[in-house]
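First comes the structure, then the notes that go with it.
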Amino acid sequence: MTDQNYIVEMKHITKRFPGILANDDVTIQVRQGEIYALLGENGAGKSTLMSMLYGLYEPDDGEILIRGRKVRFKSASDAADQNIGMVHQHFKLVENYTVGENIVLGIEPMKKAFGLFPYVDMREANERIRALSKSYFLEVDPTDVIADVGVSTCQRVEILKMLYRDAEILIFDEPTAILTPQEVEYLLRVMRELRRGGKTIILITHKIEEIKRVADRCAILRRGKLIGVLDVAETTTQEMANLMVGRNVDLQSRKTEAYFGEKVLEVDALSVRNDDRVQVVRNVSFDIRAGEIFAIAGVSGNGQTELADAIAGLMRVESGTIRLNGRDITRGNIRERTEAGVGYIPEDRQKYGVFLDFDLCSNLCLRRYYKAPFSKNGILDFDAFGRYADELIDDYDVRSAQGRKTSVRSMSGGNQQKAIVAREIEEHSALIIFVQPTRGLDMGAIENIHKQILAERERGAAILLISLELDEVMELADTIGVIYNGSLLKIAEASALTSQEIGQYMMGVTAN
Amino acid sequence: MKTISNDFGVKIKSALARFLVNEKWTRLTVPLFCIALTALLSSILLLILGKNPLTAFYSFLAGNGFAAKAKYGAGVGMISDFFQFLNIMAPLLLAALAFIFAYRCGLFNIGISGQMLLSGFLATIWVGYAKELSGGIAKPLVLGIGLIAGGIIGTIVGYLKYKFNIHEVVSTIMINYIISYVTGFYINSYYVDQVSRSSKVISTASRLTFTKTMVLGNYCNVPLGILIAIGMAFLVRFILERTVFGFELKAVGSNRNCALYTGINVGRQIVYSMMISGMLAGLAGVTYYLGFTNTIIPKTLPGMGYDAIATALLGNASPIGAILSSVLITIFQNGSSYMSSMVGVAKEIASVITGILLLFSACGQYFRTVASAYLRDLAEARPVRHESGEEGEENELRP
């Protein structure tokens, strides 16, 4: 087979970010007219790799060839010139424009009325959009306003935007994460149509089932490295899952025998709606005992974050109750809950966990600043701040350029996370919620945080661990609950489940 | 090797860049750099007009009692000019503090003008026209009315934001108009002075400035307001930097989500911060209308309410910085008449200079970013090589 058959080649790509090797000597070759899947867990480097193909980053090492010719993309428009289009996970649409206007935005067909006054010929544009949408089964009405149409239509608009710009290579970034099963069905059909139309599709996903159904070949990434490229038709789901997750690292031995105490957290029939009035947590019930790590596994966007936010008090509960040590905290405000014994390591650490513009010292004292000895009669005592901060910096090995005076913005993500973990653990709360505690961290930092989670378990804290990383769940959990579409599909002892079984529940398969 | 002049240029540039990005002093060096640029550009402007910039700058200082004028009238001297300078600076500083208090909580109070006008108006009609009140009672009453009137408007704005998510910029602009026209209507209907067409003059007892007071043989208008203003600057600094309340306020201003996560009552903090901002604006209003002047021009919002925003930003939104920046802005604004008479250019040139100053100070962060990017490029282009001759940077700034 000659190189001419490959439309996209990325050879020996290496990309480093501070503290992370996002891609390590990755080579992929995509043929014209195939659906090529990139499979891997969160943080495996899939998105980074595709961002380089789309011109958002430049690789540190390696080269990119399009249609056999070497290219260097400095921006997304360079990539667009090579007929590469990307359907982002978060739509980039103008809410109060129509579908058609959104599609032509930037390349409007101009005409001149009376040979003088320029205007956008929406009629012609809409005709073309209708033709395109018909040929690929992408049902849209170009005159609808974006604000009035659903998520799935928005996605079709994004796809049409690419097609309208004559994109030949389409990158889909986790396209099904936000879709219902029926919509997923529809999207997969569209993808097949696109392939029939001669388009090349690169699909980023961590859902094996989808790959099995549409993809021709599949590259598996793990921790930035290419593990292998498989022919999908000749590989079982099982094999792909094994390769994606990798062998379990032998951390199990570090975990001590479980001693469960009293029930600490009792969640009963909890439902939560988000700002868009969508029910994101549906009738969830579970208990966590002292000394137990209860892990919630699930694909991103299935209600995990909202569940944690509802327990911590950041989101309003629609119905159901939350009890902590027998006390009803369902309606309590955030501070009441913290005082009652809820520690929370949030998913988005820079949005919720720290004040980037404050120094490390203030950030470490966020749970205590209003109490003695940190303040007396409303007056802050910075000596007490400093002493406490130095203690935590020492104990938890938080590294920064200027000690407690460092602005948190200038610290690395790993050290920001260490600071948050230190602050929350040091409260010795009865319940500690960890959401994605190791996201974006390097191996050393991950181990460190895992050790601390286990130490808290030994102390007798109830721990709610929410993670997208299946191996993290498998390593740490005593009990596992699998969440899908807002409901807990399965709750079982960790030892009673294999990661393959969990994977199936994560995809919503219950008949087992 | 490059040519000598080229190398020298690099040295100057890198010294300047280091001066600007210096971690410890950047809060001082960047404004200094902006002031230097302003002096440079306005000198060029004056030279184009055929005037001597040095005379102009000297006149600005002399107009404010920082330097001697050529001649003085009977009974007045340098010190009189200085007290007049303090008379204007007091309300400006208070108004700037009002802006800072809201700004540090992430709110943009552009209703300072309206808050000033309303509190000035209420104090005028309730205390200023009560001839029988003695100074010892009238003056505290004036201050109290200023605090309460401004505080109420601020609270309304904060509550609208907290309860109905109405943006404070929108509500304050609307309230500005309401206050301007309502007070204008009352002044024109009931309190107008038929000759001056503005409100009747208030009683001397209620005025916060002691007029025609003899200081060192000169008649001076001694403002009570400046003591209040400077006192408030330190009080605001204390509240923001040393109290739990200030800590929570800045937390809300810095990251509302994280403030929520921390357990801070974000809504209450927004209302309080707007209330206190309004109170400070109210104090600015009474020191302006019952101090610096003694009358209100109907249907006119004080421009000081907007100058205060610029003053606050020039001072890095810090209370102590605001003292320095209000000194600077007042020098240009108050000194403009004398400068104009001495140099022979329109006094509006002072507004132009203020404008240039604000323009540059708004670019402060940009200068700093450019400087640090330049240093980074330099470090990459010539690793380790460039390590000599970093002293003498101070000289590069002075035009």
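Chain labels follow the order of the structure tokens: the first chain is A, the next B, and so on; residue numbering restarts at 1 in every chain, and ligands are counted from 1 in their shown order.
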So which bits of range 161-234 of chain B end up helix (DSSP H, G or I) when you DSSP the backbone, as a PyMOL selection string? chain B and resi 161-164+168-191+225-234
Pick out the residues sitting within 9 Å of Ile227 in chain A, and hand them over as a list in words; count only C-alpha atoms, and ignore anything fewer than 4 positions along from it in its own chain.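 So, after excluding close chain neighbours, the residues are Ala219, Ile220, Leu221, Arg222, Leu243 and Met244 of chain A.
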Mind writing the picked residues with C-alpha atoms as a PDB file, in the first residue's frame?
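And here's selection_15.pdb as it stands now:
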ATOM      1  CA  ALA A 219      -6.471   3.696  17.121  1.00  0.00           C
ATOM      2  CA  ILE A 220      -6.188   3.250  20.868  1.00  0.00           C
ATOM      3  CA  LEU A 221      -4.382   5.812  22.973  1.00  0.00           C
ATOM      4  CA  ARG A 222      -3.417   5.415  26.588  1.00  0.00           C
ATOM      5  CA  LEU A 243      -6.494  -2.186  25.436  1.00  0.00           C
ATOM      6  CA  MET A 244      -8.141   1.094  26.352  1.00  0.00           C
TER       7      MET A 244
END
Quick one: everything within 8 Å of Lys199 in chain A, counting only C-alpha atoms, minus sequence neighbours fewer than 2 positions away in the same chain. Send it as a list in words.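 Those residues are Gln32, Gly33, Glu34, Glu168, Ile169, Leu170, Leu194, Arg195, Arg196, Gly197 and Ile201 of chain A.
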Identify which of the residues B:Ser199, B:Val169, B:Lys131, B:Leu97 lies closest to Ala284 in chain B, counting only C-alpha atoms when measuring atom-to-atom distances. B:Leu97
Can you list, as a list in words, every protein, DNA or RNA residue that comes within 12 Å of Phe57 in chain B when you count only C-alpha atoms, leaving out same-chain residues fewer than 5 positions away?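 Selected residues are Thr38, Ala39, Leu40, Ser42, Ser43, Leu46, Lys51, Asn52, Ala62, Gly63, Asn64, Phe66, Ala67, Ile331, Phe332, Gly335, Ser336, Tyr338, Met339, Ser340, Met342, Val343, Ile349, Ala350 and Ile353 of chain B.
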What residues in chain B have any atom no more than 8 Å from chain A when counting only C-alpha atoms, and can you write them as a VMD selection string? chain B and resid 242 to 245 251 254 to 255 257 to 264
Next, dump the selected residues to file, keeping only N, CA and C atoms, as a PDB file, in the first residue's frame.
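Final file, again.pdb:
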ATOM      1  N   ARG B 242      -8.269  43.881  55.851  1.00  0.00           N
ATOM      2  CA  ARG B 242      -8.080  43.266  57.156  1.00  0.00           C
ATOM      3  C   ARG B 242      -9.317  42.594  57.737  1.00  0.00           C
ATOM      4  N   THR B 243     -10.465  42.754  57.131  1.00  0.00           N
ATOM      5  CA  THR B 243     -11.665  42.209  57.773  1.00  0.00           C
ATOM      6  C   THR B 243     -12.216  41.005  57.009  1.00  0.00           C
ATOM      7  N   VAL B 244     -12.971  40.203  57.710  1.00  0.00           N
ATOM      8  CA  VAL B 244     -13.665  39.070  57.102  1.00  0.00           C
ATOM      9  C   VAL B 244     -14.612  39.583  56.018  1.00  0.00           C
ATOM     10  N   PHE B 245     -15.289  40.684  56.337  1.00  0.00           N
ATOM     11  CA  PHE B 245     -16.226  41.266  55.380  1.00  0.00           C
ATOM     12  C   PHE B 245     -15.520  41.621  54.072  1.00  0.00           C
ATOM     13  N   ALA B 251     -13.596  38.227  47.484  1.00  0.00           N
ATOM     14  CA  ALA B 251     -13.804  36.867  46.979  1.00  0.00           C
ATOM     15  C   ALA B 251     -14.923  36.862  45.949  1.00  0.00           C
ATOM     16  N   SER B 254     -13.695  38.417  42.843  1.00  0.00           N
ATOM     17  CA  SER B 254     -12.653  37.682  42.126  1.00  0.00           C
ATOM     18  C   SER B 254     -13.220  36.481  41.373  1.00  0.00           C
ATOM     19  N   ASN B 255     -14.134  35.745  41.993  1.00  0.00           N
ATOM     20  CA  ASN B 255     -14.671  34.547  41.346  1.00  0.00           C
ATOM     21  C   ASN B 255     -15.968  34.179  42.057  1.00  0.00           C
ATOM     22  N   ASN B 257     -18.267  31.991  41.444  1.00  0.00           N
ATOM     23  CA  ASN B 257     -18.529  30.568  41.638  1.00  0.00           C
ATOM     24  C   ASN B 257     -17.790  30.035  42.854  1.00  0.00           C
ATOM     25  N   CYS B 258     -16.524  30.434  42.931  1.00  0.00           N
ATOM     26  CA  CYS B 258     -15.721  29.925  44.028  1.00  0.00           C
ATOM     27  C   CYS B 258     -16.198  30.521  45.343  1.00  0.00           C
ATOM     28  N   ALA B 259     -16.667  31.763  45.308  1.00  0.00           N
ATOM     29  CA  ALA B 259     -17.207  32.381  46.519  1.00  0.00           C
ATOM     30  C   ALA B 259     -18.408  31.582  47.009  1.00  0.00           C
ATOM     31  N   LEU B 260     -19.225  31.166  46.075  1.00  0.00           N
ATOM     32  CA  LEU B 260     -20.395  30.351  46.392  1.00  0.00           C
ATOM     33  C   LEU B 260     -19.948  29.038  47.028  1.00  0.00           C
ATOM     34  N   TYR B 261     -18.967  28.421  46.393  1.00  0.00           N
ATOM     35  CA  TYR B 261     -18.423  27.150  46.867  1.00  0.00           C
ATOM     36  C   TYR B 261     -17.861  27.290  48.280  1.00  0.00           C
ATOM     37  N   THR B 262     -17.232  28.437  48.548  1.00  0.00           N
ATOM     38  CA  THR B 262     -16.646  28.673  49.856  1.00  0.00           C
ATOM     39  C   THR B 262     -17.720  28.818  50.928  1.00  0.00           C
ATOM     40  N   GLY B 263     -18.942  29.104  50.497  1.00  0.00           N
ATOM     41  CA  GLY B 263     -20.011  29.243  51.467  1.00  0.00           C
ATOM     42  C   GLY B 263     -20.341  30.690  51.774  1.00  0.00           C
ATOM     43  N   ILE B 264     -19.826  31.600  50.941  1.00  0.00           N
ATOM     44  CA  ILE B 264     -20.114  33.017  51.136  1.00  0.00           C
ATOM     45  C   ILE B 264     -21.512  33.317  50.599  1.00  0.00           C
TER      46      ILE B 264
END
Please, which residues of range 250-364 of chain A, numbered as in this document, come out strand (DSSP E) from DSSP, as a PyMOL selection string? chain A and resi 263-273+279-289+293-297+319-324+327-328+342-345
Keeping only N, CA and C atoms, take the residues you just selected and write them out as a short mmCIF file (atom, residue, chain, number, x, y, z; two decimals), in the first residue's frame.
data_model
loop_
_atom_site.label_atom_id
_atom_site.label_comp_id
_atom_site.auth_asym_id
_atom_site.auth_seq_id
_atom_site.Cartn_x
_atom_site.Cartn_y
_atom_site.Cartn_z
N LYS A 263 -23.72 4.56 59.01
CA LYS A 263 -24.04 5.28 57.78
C LYS A 263 -23.75 6.76 57.97
N VAL A 264 -22.98 7.34 57.08
CA VAL A 264 -22.68 8.77 57.19
C VAL A 264 -23.58 9.55 56.24
N LEU A 265 -23.59 9.14 54.99
CA LEU A 265 -24.41 9.86 54.01
C LEU A 265 -25.53 8.94 53.55
N GLU A 266 -26.73 9.48 53.60
CA GLU A 266 -27.87 8.74 53.06
C GLU A 266 -28.55 9.62 52.02
N VAL A 267 -28.54 9.17 50.80
CA VAL A 267 -29.21 9.91 49.72
C VAL A 267 -30.43 9.11 49.33
N ASP A 268 -31.58 9.78 49.34
CA ASP A 268 -32.81 9.04 49.10
C ASP A 268 -33.62 9.71 47.98
N ALA A 269 -33.81 8.99 46.90
CA ALA A 269 -34.67 9.41 45.79
C ALA A 269 -34.37 10.83 45.34
N LEU A 270 -33.09 11.13 45.17
CA LEU A 270 -32.67 12.48 44.84
C LEU A 270 -32.83 12.76 43.34
N SER A 271 -33.49 13.89 43.05
CA SER A 271 -33.58 14.36 41.66
C SER A 271 -33.14 15.81 41.60
N VAL A 272 -32.46 16.15 40.50
CA VAL A 272 -31.93 17.51 40.34
C VAL A 272 -32.19 17.96 38.91
N ARG A 273 -32.60 19.20 38.78
CA ARG A 273 -32.72 19.79 37.44
C ARG A 273 -31.64 20.84 37.26
N GLN A 279 -33.89 17.42 33.72
CA GLN A 279 -33.63 16.60 34.90
C GLN A 279 -32.33 15.83 34.66
N VAL A 280 -31.30 16.18 35.41
CA VAL A 280 -29.99 15.58 35.16
C VAL A 280 -29.66 14.48 36.16
N VAL A 281 -30.28 14.53 37.34
CA VAL A 281 -30.14 13.44 38.30
C VAL A 281 -31.54 12.90 38.55
N ARG A 282 -31.72 11.60 38.37
CA ARG A 282 -33.07 11.04 38.44
C ARG A 282 -33.18 10.00 39.53
N ASN A 283 -33.87 10.34 40.57
CA ASN A 283 -34.28 9.37 41.56
C ASN A 283 -33.12 8.50 42.04
N VAL A 284 -32.06 9.16 42.48
CA VAL A 284 -30.86 8.42 42.89
C VAL A 284 -30.89 8.16 44.40
N SER A 285 -30.63 6.93 44.80
CA SER A 285 -30.56 6.59 46.23
C SER A 285 -29.30 5.77 46.49
N PHE A 286 -28.57 6.12 47.53
CA PHE A 286 -27.45 5.27 47.96
C PHE A 286 -27.01 5.73 49.35
N ASP A 287 -26.25 4.87 50.03
CA ASP A 287 -25.70 5.21 51.35
C ASP A 287 -24.18 5.07 51.30
N ILE A 288 -23.52 5.84 52.12
CA ILE A 288 -22.09 5.63 52.29
C ILE A 288 -21.82 5.51 53.78
N ARG A 289 -21.07 4.48 54.17
CA ARG A 289 -20.75 4.27 55.58
C ARG A 289 -19.39 4.87 55.88
N ILE A 293 -15.31 3.80 50.59
CA ILE A 293 -15.19 4.63 49.39
C ILE A 293 -16.27 4.18 48.41
N PHE A 294 -17.20 5.09 48.17
CA PHE A 294 -18.27 4.80 47.23
C PHE A 294 -17.93 5.53 45.94
N ALA A 295 -17.68 4.78 44.88
CA ALA A 295 -17.28 5.43 43.63
C ALA A 295 -18.43 5.40 42.64
N ILE A 296 -18.59 6.51 41.95
CA ILE A 296 -19.60 6.55 40.91
C ILE A 296 -18.88 6.55 39.57
N ALA A 297 -19.14 5.52 38.78
CA ALA A 297 -18.52 5.42 37.46
C ALA A 297 -19.56 5.83 36.43
N SER A 319 -36.18 17.06 44.27
CA SER A 319 -36.92 16.24 45.23
C SER A 319 -35.98 15.21 45.83
N GLY A 320 -36.41 14.60 46.92
CA GLY A 320 -35.56 13.63 47.60
C GLY A 320 -34.87 14.25 48.80
N THR A 321 -34.16 13.42 49.56
CA THR A 321 -33.50 13.95 50.75
C THR A 321 -32.03 13.53 50.80
N ILE A 322 -31.26 14.37 51.48
CA ILE A 322 -29.85 14.07 51.73
C ILE A 322 -29.67 14.14 53.24
N ARG A 323 -29.17 13.08 53.83
CA ARG A 323 -28.92 13.08 55.28
C ARG A 323 -27.45 12.87 55.54
N LEU A 324 -26.93 13.65 56.48
CA LEU A 324 -25.55 13.48 56.89
C LEU A 324 -25.56 13.14 58.37
N ARG A 327 -28.76 13.67 60.01
CA ARG A 327 -29.36 15.00 59.99
C ARG A 327 -29.74 15.38 58.55
N ASP A 328 -30.94 15.90 58.38
CA ASP A 328 -31.39 16.28 57.04
C ASP A 328 -30.69 17.57 56.61
N VAL A 342 -19.13 18.29 55.38
CA VAL A 342 -19.01 17.90 53.98
C VAL A 342 -17.77 18.59 53.41
N GLY A 343 -16.82 17.81 52.94
CA GLY A 343 -15.67 18.36 52.23
C GLY A 343 -15.88 18.11 50.76
N TYR A 344 -15.43 19.03 49.91
CA TYR A 344 -15.75 18.90 48.49
C TYR A 344 -14.56 19.30 47.64
N ILE A 345 -14.07 18.37 46.87
CA ILE A 345 -13.03 18.68 45.88
C ILE A 345 -13.73 18.73 44.54
#
Between CA of Leu37 in chain B and CA of Gln365 in chain B, distance in Å (one decimal):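 Atom-to-atom, CA of Leu37 in chain B to CA of Gln365 in chain B, that is 14.6 Å.
Using only C-alpha atoms, the contacts of Ala68 in chain B at a cut-off of 9 Å, with sequence neighbours closer than 3 positions omitted, comprise Ser59, Leu61, Ala62, Gly63, Gly65, Lys71, Gly77 and Met78 of chain B.
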Name all residues at most 8 Å from Glu108 in chain A (count only C-alpha atoms; drop same-chain ones fewer than 2 positions away) and give them as a PDB file with N, CA and C atoms, in the first residue's frame.
ATOM      1  N   VAL A 104     -23.774  29.954   6.950  1.00  0.00           N
ATOM      2  CA  VAL A 104     -23.029  30.755   5.971  1.00  0.00           C
ATOM      3  C   VAL A 104     -22.132  31.802   6.634  1.00  0.00           C
ATOM      4  N   LEU A 105     -22.255  31.954   7.932  1.00  0.00           N
ATOM      5  CA  LEU A 105     -21.512  33.008   8.631  1.00  0.00           C
ATOM      6  C   LEU A 105     -20.022  32.962   8.280  1.00  0.00           C
ATOM      7  N   GLY A 106     -19.518  34.070   7.767  1.00  0.00           N
ATOM      8  CA  GLY A 106     -18.106  34.115   7.402  1.00  0.00           C
ATOM      9  C   GLY A 106     -17.859  33.929   5.919  1.00  0.00           C
ATOM     10  N   MET A 110     -22.639  36.850  -1.433  1.00  0.00           N
ATOM     11  CA  MET A 110     -23.012  38.255  -1.588  1.00  0.00           C
ATOM     12  C   MET A 110     -23.585  38.487  -2.986  1.00  0.00           C
ATOM     13  N   VAL A 120     -26.742  39.902   1.509  1.00  0.00           N
ATOM     14  CA  VAL A 120     -26.499  38.461   1.595  1.00  0.00           C
ATOM     15  C   VAL A 120     -27.674  37.730   0.970  1.00  0.00           C
ATOM     16  N   ASP A 121     -27.357  36.880   0.027  1.00  0.00           N
ATOM     17  CA  ASP A 121     -28.416  36.156  -0.669  1.00  0.00           C
ATOM     18  C   ASP A 121     -28.773  34.905   0.128  1.00  0.00           C
ATOM     19  N   ALA A 125     -28.457  30.601  -0.413  1.00  0.00           N
ATOM     20  CA  ALA A 125     -27.766  29.845   0.628  1.00  0.00           C
ATOM     21  C   ALA A 125     -28.678  28.763   1.192  1.00  0.00           C
TER      22      ALA A 125
END
For Val370 in chain B, list every protein, DNA or RNA residue within 12 Å, evaluated using only C-alpha atoms, and leave out those in the same chain fewer than 2 positions away; present the list as a ChimeraX atom specification. /B:13-14,16-18,20-21,30,363-368,372-377
Selected residue, from A:Asp359, A:Glu58, A:Glu292, A:Asp348, that lies nearest to Gly460 in chain A when counting only C-alpha atoms: A:Glu292
Rank A:Gly261, A:Thr256, A:Ile433, A:Tyr484 by their smallest atom-to-atom distance to Ala455 in chain A, using only C-alpha atoms, and report the top residue only.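 The answer is A:Thr256, which sits nearest to Ala455 in chain A.
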